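Colleague: If it helps, the file is called run_21.txt and holds compact mmCIF, N, CA and C atoms and all ligand atoms:
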```
# COMPACT_ATOMS: atom_id res chain seq x y z
N MET T 1 80.79 184.88 30.96
CA MET T 1 81.44 185.10 32.25
C MET T 1 80.49 185.84 33.20
N ARG T 2 79.88 186.89 32.69
CA ARG T 2 79.02 187.73 33.50
C ARG T 2 77.81 186.92 34.01
N LYS T 3 77.25 186.10 33.12
CA LYS T 3 76.11 185.26 33.49
C LYS T 3 76.44 184.38 34.69
N TRP T 4 77.64 183.81 34.66
CA TRP T 4 78.03 182.91 35.74
C TRP T 4 78.15 183.63 37.06
N SER T 5 78.65 184.86 37.06
CA SER T 5 78.76 185.56 38.34
C SER T 5 77.38 185.92 38.88
N VAL T 6 76.45 186.22 37.97
CA VAL T 6 75.08 186.52 38.43
C VAL T 6 74.47 185.27 39.05
N LEU T 7 74.68 184.13 38.37
CA LEU T 7 74.15 182.87 38.88
C LEU T 7 74.79 182.56 40.25
N GLY T 8 76.09 182.77 40.34
CA GLY T 8 76.80 182.53 41.60
C GLY T 8 76.22 183.38 42.72
N ALA T 9 75.98 184.65 42.43
CA ALA T 9 75.43 185.56 43.44
C ALA T 9 74.05 185.09 43.86
N ALA T 10 73.24 184.63 42.89
CA ALA T 10 71.89 184.15 43.20
C ALA T 10 71.96 182.93 44.11
N LEU T 11 72.91 182.04 43.86
CA LEU T 11 73.06 180.85 44.69
C LEU T 11 73.45 181.23 46.11
N VAL T 12 74.34 182.18 46.24
CA VAL T 12 74.77 182.64 47.56
C VAL T 12 73.57 183.21 48.33
N VAL T 13 72.76 184.01 47.64
CA VAL T 13 71.58 184.60 48.28
C VAL T 13 70.61 183.49 48.69
N ALA T 14 70.35 182.54 47.79
CA ALA T 14 69.43 181.44 48.09
C ALA T 14 69.94 180.64 49.30
N GLY T 15 71.24 180.40 49.33
CA GLY T 15 71.83 179.67 50.45
C GLY T 15 71.65 180.41 51.75
N THR T 16 71.83 181.71 51.73
CA THR T 16 71.68 182.54 52.93
C THR T 16 70.25 182.49 53.44
N VAL T 17 69.29 182.55 52.52
CA VAL T 17 67.88 182.51 52.91
C VAL T 17 67.56 181.17 53.55
N ALA T 18 68.07 180.07 52.97
CA ALA T 18 67.82 178.74 53.52
C ALA T 18 68.37 178.63 54.93
N VAL T 19 69.57 179.13 55.15
CA VAL T 19 70.19 179.09 56.48
C VAL T 19 69.37 179.92 57.46
N ALA T 20 68.92 181.10 57.00
CA ALA T 20 68.14 181.98 57.87
C ALA T 20 66.84 181.31 58.28
N LEU T 21 66.18 180.64 57.34
CA LEU T 21 64.91 179.97 57.64
C LEU T 21 65.14 178.83 58.63
N ALA T 22 66.17 178.03 58.38
CA ALA T 22 66.47 176.92 59.27
C ALA T 22 66.78 177.45 60.66
N GLY T 23 67.41 178.61 60.72
CA GLY T 23 67.80 179.19 62.00
C GLY T 23 66.63 179.67 62.83
N THR T 24 65.51 179.98 62.18
CA THR T 24 64.40 180.55 62.94
C THR T 24 63.35 179.52 63.35
N ALA T 25 63.37 178.35 62.74
CA ALA T 25 62.31 177.39 63.02
C ALA T 25 62.85 176.15 63.72
N PRO T 26 62.71 176.09 65.05
CA PRO T 26 63.19 174.90 65.74
C PRO T 26 62.30 173.69 65.42
N ALA T 27 62.93 172.56 65.24
CA ALA T 27 62.19 171.32 65.04
C ALA T 27 61.76 170.85 66.43
N VAL T 28 60.48 170.61 66.61
CA VAL T 28 59.99 170.15 67.91
C VAL T 28 60.02 168.63 67.93
N VAL T 29 60.77 168.09 68.88
CA VAL T 29 60.90 166.64 69.00
C VAL T 29 60.35 166.23 70.36
N LYS T 30 59.30 165.41 70.34
CA LYS T 30 58.67 164.99 71.59
C LYS T 30 59.09 163.57 71.95
N VAL T 31 59.45 163.42 73.20
CA VAL T 31 59.87 162.11 73.70
C VAL T 31 59.13 161.84 75.00
N THR T 32 58.65 160.62 75.17
CA THR T 32 58.08 160.27 76.46
C THR T 32 59.02 159.32 77.19
N ALA T 33 58.99 159.44 78.51
CA ALA T 33 59.82 158.59 79.36
C ALA T 33 58.91 157.77 80.25
N LYS T 34 59.25 156.50 80.38
CA LYS T 34 58.57 155.64 81.35
C LYS T 34 59.57 154.60 81.82
N GLU T 35 59.13 153.65 82.63
CA GLU T 35 60.03 152.65 83.17
C GLU T 35 60.14 151.47 82.21
N PHE T 36 61.26 151.17 81.62
CA PHE T 36 62.44 152.01 81.58
C PHE T 36 62.81 152.17 80.13
N ALA T 37 62.19 153.13 79.47
CA ALA T 37 62.44 153.33 78.05
C ALA T 37 62.02 154.73 77.62
N PHE T 38 62.64 155.19 76.55
CA PHE T 38 62.20 156.40 75.88
C PHE T 38 61.38 155.98 74.67
N GLU T 39 60.37 156.76 74.35
CA GLU T 39 59.56 156.50 73.16
C GLU T 39 59.45 157.80 72.38
N PRO T 40 59.89 157.88 71.13
CA PRO T 40 60.59 156.81 70.41
C PRO T 40 62.04 156.69 70.86
N ARG T 41 62.66 155.60 70.49
CA ARG T 41 64.06 155.37 70.88
C ARG T 41 65.03 156.11 69.96
N GLU T 42 64.56 156.35 68.72
CA GLU T 42 65.44 157.03 67.78
C GLU T 42 64.81 158.33 67.32
N LEU T 43 65.60 159.40 67.43
CA LEU T 43 65.12 160.73 67.06
C LEU T 43 65.95 161.22 65.88
N LYS T 44 65.28 161.83 64.90
CA LYS T 44 66.02 162.33 63.74
C LYS T 44 65.88 163.84 63.62
N VAL T 45 67.04 164.51 63.49
CA VAL T 45 67.04 165.96 63.34
C VAL T 45 68.07 166.34 62.27
N LYS T 46 68.07 167.64 61.92
CA LYS T 46 69.00 168.10 60.89
C LYS T 46 70.13 168.92 61.51
N ALA T 47 71.33 168.69 61.02
CA ALA T 47 72.48 169.47 61.49
C ALA T 47 72.25 170.95 61.20
N GLY T 48 72.53 171.79 62.18
CA GLY T 48 72.42 173.23 62.00
C GLY T 48 71.04 173.80 62.29
N GLN T 49 70.04 172.92 62.45
CA GLN T 49 68.69 173.40 62.76
C GLN T 49 68.43 173.27 64.26
N PRO T 50 67.94 174.34 64.90
CA PRO T 50 67.64 174.24 66.33
C PRO T 50 66.61 173.16 66.61
N VAL T 51 66.78 172.48 67.72
CA VAL T 51 65.87 171.41 68.13
C VAL T 51 65.26 171.79 69.47
N LYS T 52 63.94 171.75 69.54
CA LYS T 52 63.29 171.91 70.84
C LYS T 52 62.87 170.51 71.27
N LEU T 53 63.61 169.98 72.23
CA LEU T 53 63.36 168.63 72.72
C LEU T 53 62.42 168.72 73.92
N VAL T 54 61.26 168.08 73.79
CA VAL T 54 60.27 168.11 74.87
C VAL T 54 60.17 166.71 75.46
N LEU T 55 60.48 166.60 76.74
CA LEU T 55 60.40 165.31 77.42
C LEU T 55 59.18 165.30 78.33
N GLU T 56 58.35 164.28 78.13
CA GLU T 56 57.17 164.13 78.99
C GLU T 56 57.34 162.85 79.80
N ASN T 57 57.19 162.97 81.10
CA ASN T 57 57.33 161.80 81.97
C ASN T 57 55.98 161.13 82.17
N LYS T 58 55.80 160.00 81.49
CA LYS T 58 54.54 159.25 81.61
C LYS T 58 54.72 158.03 82.50
N GLY T 59 55.81 158.03 83.25
CA GLY T 59 56.08 156.91 84.14
C GLY T 59 55.56 157.18 85.54
N VAL T 60 56.07 156.41 86.49
CA VAL T 60 55.62 156.55 87.88
C VAL T 60 56.76 156.99 88.80
N ILE T 61 57.97 157.17 88.23
CA ILE T 61 59.09 157.70 89.00
C ILE T 61 59.78 158.79 88.18
N GLU T 62 60.77 159.44 88.78
CA GLU T 62 61.47 160.55 88.13
C GLU T 62 62.38 160.10 86.98
N HIS T 63 62.44 160.98 85.95
CA HIS T 63 63.33 160.73 84.82
C HIS T 63 63.89 162.05 84.29
N ASP T 64 64.93 161.93 83.48
CA ASP T 64 65.43 163.09 82.74
C ASP T 64 65.90 162.60 81.37
N ILE T 65 66.49 163.49 80.59
CA ILE T 65 67.06 163.07 79.31
C ILE T 65 68.38 163.81 79.13
N VAL T 66 69.41 163.07 78.75
CA VAL T 66 70.75 163.62 78.67
C VAL T 66 71.41 163.19 77.35
N LEU T 67 71.99 164.18 76.66
CA LEU T 67 72.82 163.89 75.49
C LEU T 67 74.20 164.43 75.82
N GLU T 68 74.97 163.59 76.46
CA GLU T 68 76.24 164.05 77.01
C GLU T 68 77.18 164.63 75.96
N LYS T 69 77.24 163.98 74.78
CA LYS T 69 78.16 164.45 73.74
C LYS T 69 77.80 165.82 73.20
N LEU T 70 76.54 166.23 73.40
CA LEU T 70 76.11 167.55 72.91
C LEU T 70 75.97 168.54 74.06
N GLY T 71 76.29 168.11 75.28
CA GLY T 71 76.18 168.99 76.44
C GLY T 71 74.73 169.35 76.76
N VAL T 72 73.80 168.44 76.44
CA VAL T 72 72.38 168.71 76.65
C VAL T 72 71.86 167.87 77.81
N LYS T 73 71.17 168.54 78.75
CA LYS T 73 70.66 167.83 79.92
C LYS T 73 69.45 168.58 80.45
N THR T 74 68.38 167.85 80.74
CA THR T 74 67.21 168.51 81.34
C THR T 74 67.25 168.28 82.85
N ALA T 75 66.35 168.96 83.54
CA ALA T 75 66.16 168.68 84.97
C ALA T 75 65.54 167.30 85.09
N VAL T 76 65.69 166.69 86.26
CA VAL T 76 64.99 165.44 86.56
C VAL T 76 63.56 165.83 86.91
N ILE T 77 62.61 165.24 86.18
CA ILE T 77 61.21 165.65 86.38
C ILE T 77 60.36 164.53 86.96
N PRO T 78 59.40 164.90 87.82
CA PRO T 78 58.52 163.90 88.42
C PRO T 78 57.47 163.39 87.42
N PRO T 79 56.80 162.29 87.75
CA PRO T 79 55.75 161.75 86.88
C PRO T 79 54.69 162.81 86.55
N GLY T 80 54.21 162.80 85.30
CA GLY T 80 53.15 163.71 84.89
C GLY T 80 53.64 165.06 84.45
N LYS T 81 54.93 165.33 84.59
CA LYS T 81 55.47 166.64 84.21
C LYS T 81 56.21 166.54 82.90
N SER T 82 56.48 167.73 82.31
CA SER T 82 57.32 167.75 81.12
C SER T 82 58.33 168.87 81.24
N VAL T 83 59.37 168.76 80.44
CA VAL T 83 60.45 169.73 80.47
C VAL T 83 60.96 169.86 79.05
N GLU T 84 61.50 171.03 78.69
CA GLU T 84 62.04 171.15 77.34
C GLU T 84 63.40 171.81 77.36
N VAL T 85 64.17 171.50 76.34
CA VAL T 85 65.50 172.06 76.21
C VAL T 85 65.73 172.32 74.72
N THR T 86 66.35 173.46 74.41
CA THR T 86 66.60 173.80 73.01
C THR T 86 68.09 173.83 72.75
N PHE T 87 68.50 173.21 71.66
CA PHE T 87 69.92 173.19 71.31
C PHE T 87 70.02 173.04 69.79
N THR T 88 71.21 173.30 69.27
CA THR T 88 71.43 173.17 67.83
C THR T 88 72.58 172.20 67.58
N PRO T 89 72.26 171.00 67.08
CA PRO T 89 73.34 170.06 66.77
C PRO T 89 74.10 170.55 65.55
N LYS T 90 75.41 170.65 65.66
CA LYS T 90 76.21 171.22 64.57
C LYS T 90 76.71 170.16 63.60
N ALA T 91 77.07 169.00 64.13
CA ALA T 91 77.70 167.98 63.28
C ALA T 91 76.81 166.76 63.12
N LYS T 92 76.83 166.22 61.89
CA LYS T 92 76.08 164.99 61.64
C LYS T 92 76.66 163.84 62.45
N GLY T 93 75.80 162.90 62.78
CA GLY T 93 76.29 161.75 63.52
C GLY T 93 75.18 161.11 64.33
N ARG T 94 75.56 160.11 65.12
CA ARG T 94 74.61 159.42 65.99
C ARG T 94 75.05 159.67 67.43
N TYR T 95 74.14 160.24 68.21
CA TYR T 95 74.48 160.63 69.58
C TYR T 95 73.65 159.83 70.58
N PRO T 96 74.31 159.23 71.57
CA PRO T 96 73.57 158.47 72.57
C PRO T 96 72.69 159.36 73.46
N VAL T 97 71.50 158.85 73.74
CA VAL T 97 70.54 159.52 74.62
C VAL T 97 70.35 158.61 75.83
N VAL T 98 70.42 159.17 77.03
CA VAL T 98 70.20 158.34 78.22
C VAL T 98 69.39 159.09 79.27
N CYS T 99 68.85 158.33 80.22
CA CYS T 99 68.28 158.91 81.43
C CYS T 99 69.39 158.78 82.47
N SER T 100 69.67 159.90 83.17
CA SER T 100 70.82 159.89 84.08
C SER T 100 70.49 159.49 85.51
N VAL T 101 69.21 159.17 85.77
CA VAL T 101 68.85 158.70 87.11
C VAL T 101 69.55 157.35 87.31
N PRO T 102 70.25 157.17 88.44
CA PRO T 102 71.05 155.95 88.63
C PRO T 102 70.27 154.67 88.35
N GLY T 103 70.88 153.82 87.51
CA GLY T 103 70.29 152.52 87.20
C GLY T 103 69.38 152.51 85.98
N HIS T 104 68.90 153.68 85.56
CA HIS T 104 67.91 153.71 84.47
C HIS T 104 68.51 153.39 83.11
N LYS T 105 69.73 153.92 82.88
CA LYS T 105 70.40 153.64 81.61
C LYS T 105 70.60 152.12 81.48
N GLU T 106 71.06 151.52 82.57
CA GLU T 106 71.32 150.08 82.59
C GLU T 106 70.03 149.29 82.39
N ALA T 107 68.91 149.87 82.85
CA ALA T 107 67.63 149.17 82.75
C ALA T 107 67.00 149.34 81.37
N GLY T 108 67.61 150.16 80.51
CA GLY T 108 67.10 150.27 79.14
C GLY T 108 66.69 151.66 78.70
N MET T 109 66.88 152.65 79.59
CA MET T 109 66.50 154.02 79.19
C MET T 109 67.61 154.65 78.36
N THR T 110 67.68 154.18 77.12
CA THR T 110 68.67 154.71 76.19
C THR T 110 68.00 154.93 74.84
N GLY T 111 68.65 155.73 74.02
CA GLY T 111 68.14 155.97 72.69
C GLY T 111 69.24 156.61 71.86
N THR T 112 68.86 157.05 70.68
CA THR T 112 69.84 157.63 69.77
C THR T 112 69.25 158.86 69.10
N LEU T 113 70.04 159.93 69.07
CA LEU T 113 69.67 161.10 68.29
C LEU T 113 70.48 161.03 67.01
N VAL T 114 69.79 160.94 65.89
CA VAL T 114 70.47 160.88 64.60
C VAL T 114 70.45 162.28 63.99
N VAL T 115 71.63 162.85 63.79
CA VAL T 115 71.73 164.17 63.17
C VAL T 115 72.16 163.96 61.72
N GLU T 116 71.29 164.40 60.79
CA GLU T 116 71.56 164.16 59.37
C GLU T 116 71.93 165.45 58.65
CU CU L 1 64.78 157.36 84.04
```
What does the file become when written as structure tokens?
Modeller:
Amino acid sequence: MRKWSVLGAALVVAGTVAVALAGTAPAVVKVTAKEFAFEPRELKVKAGQPVKLVLENKGVIEHDIVLEKLGVKTAVIPPGKSVEVTFTPKAKGRYPVVCSVPGHKEAGMTGTLVVE
């Protein structure tokens, strides 16, 4: 009986350390925007781990990146500039990514954030 409680306590401590480590190290995800696509189109991150999303505009007109279901939105940035936003996805799933400049989503500026 005693052995099991020691093992249980060790697991709880190990779990806490893992959560603490995940909490301190944001995953850096780089995305480029051009007319009219994001590269890459699919981004993979882990639930509960902070994400630093860096958008670089390699196009010739303004773009942004929006994950409406996660409440994430960057400023609209001009060509040659970049912008970053940090957030922590809590729940696993597939979240649509779009550029919110009128007409861009329809032209193909969409993608998916996969939270595993
Ligand atoms: Cu755009």
Colleague: Using only N, CA and C atoms, determine which residues lie at most 8 Å from Cys99 of chain T, disregarding the query and same-chain residues fewer than 3 positions distant; provide the list as a PyMOL selection string.
Modeller: chain T and resi 38+63-67+96+102-106+108-111
Colleague: One decimal, in Å: what's the spacing between atom C of Gln49 of chain T and atom C of Val83 of chain T?
Modeller: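 Computing the Euclidean distance for atom C of Gln49 of chain T and atom C of Val83 of chain T yields 16.9 Å.
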Colleague: Which residues are close to segment 69-71 of chain T, i.e. within 8 Å by all atoms listed in the file, leaving aside same-chain residues fewer than 3 positions away? Reply as a list in words.
Modeller: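 The neighbour list is Val66, Thr74, Thr88, Pro89, Lys90, Tyr95, Pro96 and Val97 of chain T.
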Colleague: Just want the 6 Å neighbourhood of Val45 of chain T, counted on only N, CA and C atoms, with same-chain residues fewer than 6 positions away dropped. Output as a PyMOL selection string.
Modeller: chain T and resi 114-116
Colleague: Go through T:Val31, T:Ala47, T:Leu55, T:Val101 one by one, measure the shortest atom-to-atom distance of each to ligand CU 1 (chain L) using all atoms listed in the file, and give the residue with the smallest value.
Modeller: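 Distance minimum relative to ligand CU 1 (chain L) lands on T:Val101.
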Colleague: Would you mind telling me which residue in T:Ala75, T:Val29, T:Leu113, T:Val98 lies nearest to ligand CU 1 (chain L) when using all atoms listed in the file?
Modeller: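 Nearest to ligand CU 1 (chain L): T:Val98.
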Colleague: Could you tell me which of T:Glu42, T:Thr112, T:Ile61, T:Lys52 comes closest to ligand CU 1 (chain L) if we count only N, CA and C atoms and all ligand atoms?
Modeller: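 Selected residue with least distance to ligand CU 1 (chain L): T:Ile61.
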Colleague: How many Å separate atom CA of Thr86 of chain T from atom CA of Phe36 of chain T?
Modeller: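 Separating atom CA of Thr86 of chain T from atom CA of Phe36 of chain T is a distance of 23.8 Å.
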Colleague: Calculate how many Å separate atom C of Pro78 of chain T from atom CA of Glu62 of chain T, rounding to one decimal.
Modeller: 5.0 Å
Colleague: For the point (59.0, 163.3, 80.2) in file coordinates, what residues are within 8 Å, counting only C-alpha atoms? Give the answer as number ranges by chain?
Modeller: T: 31-34, 54-58, 63-64, 77, 79-83
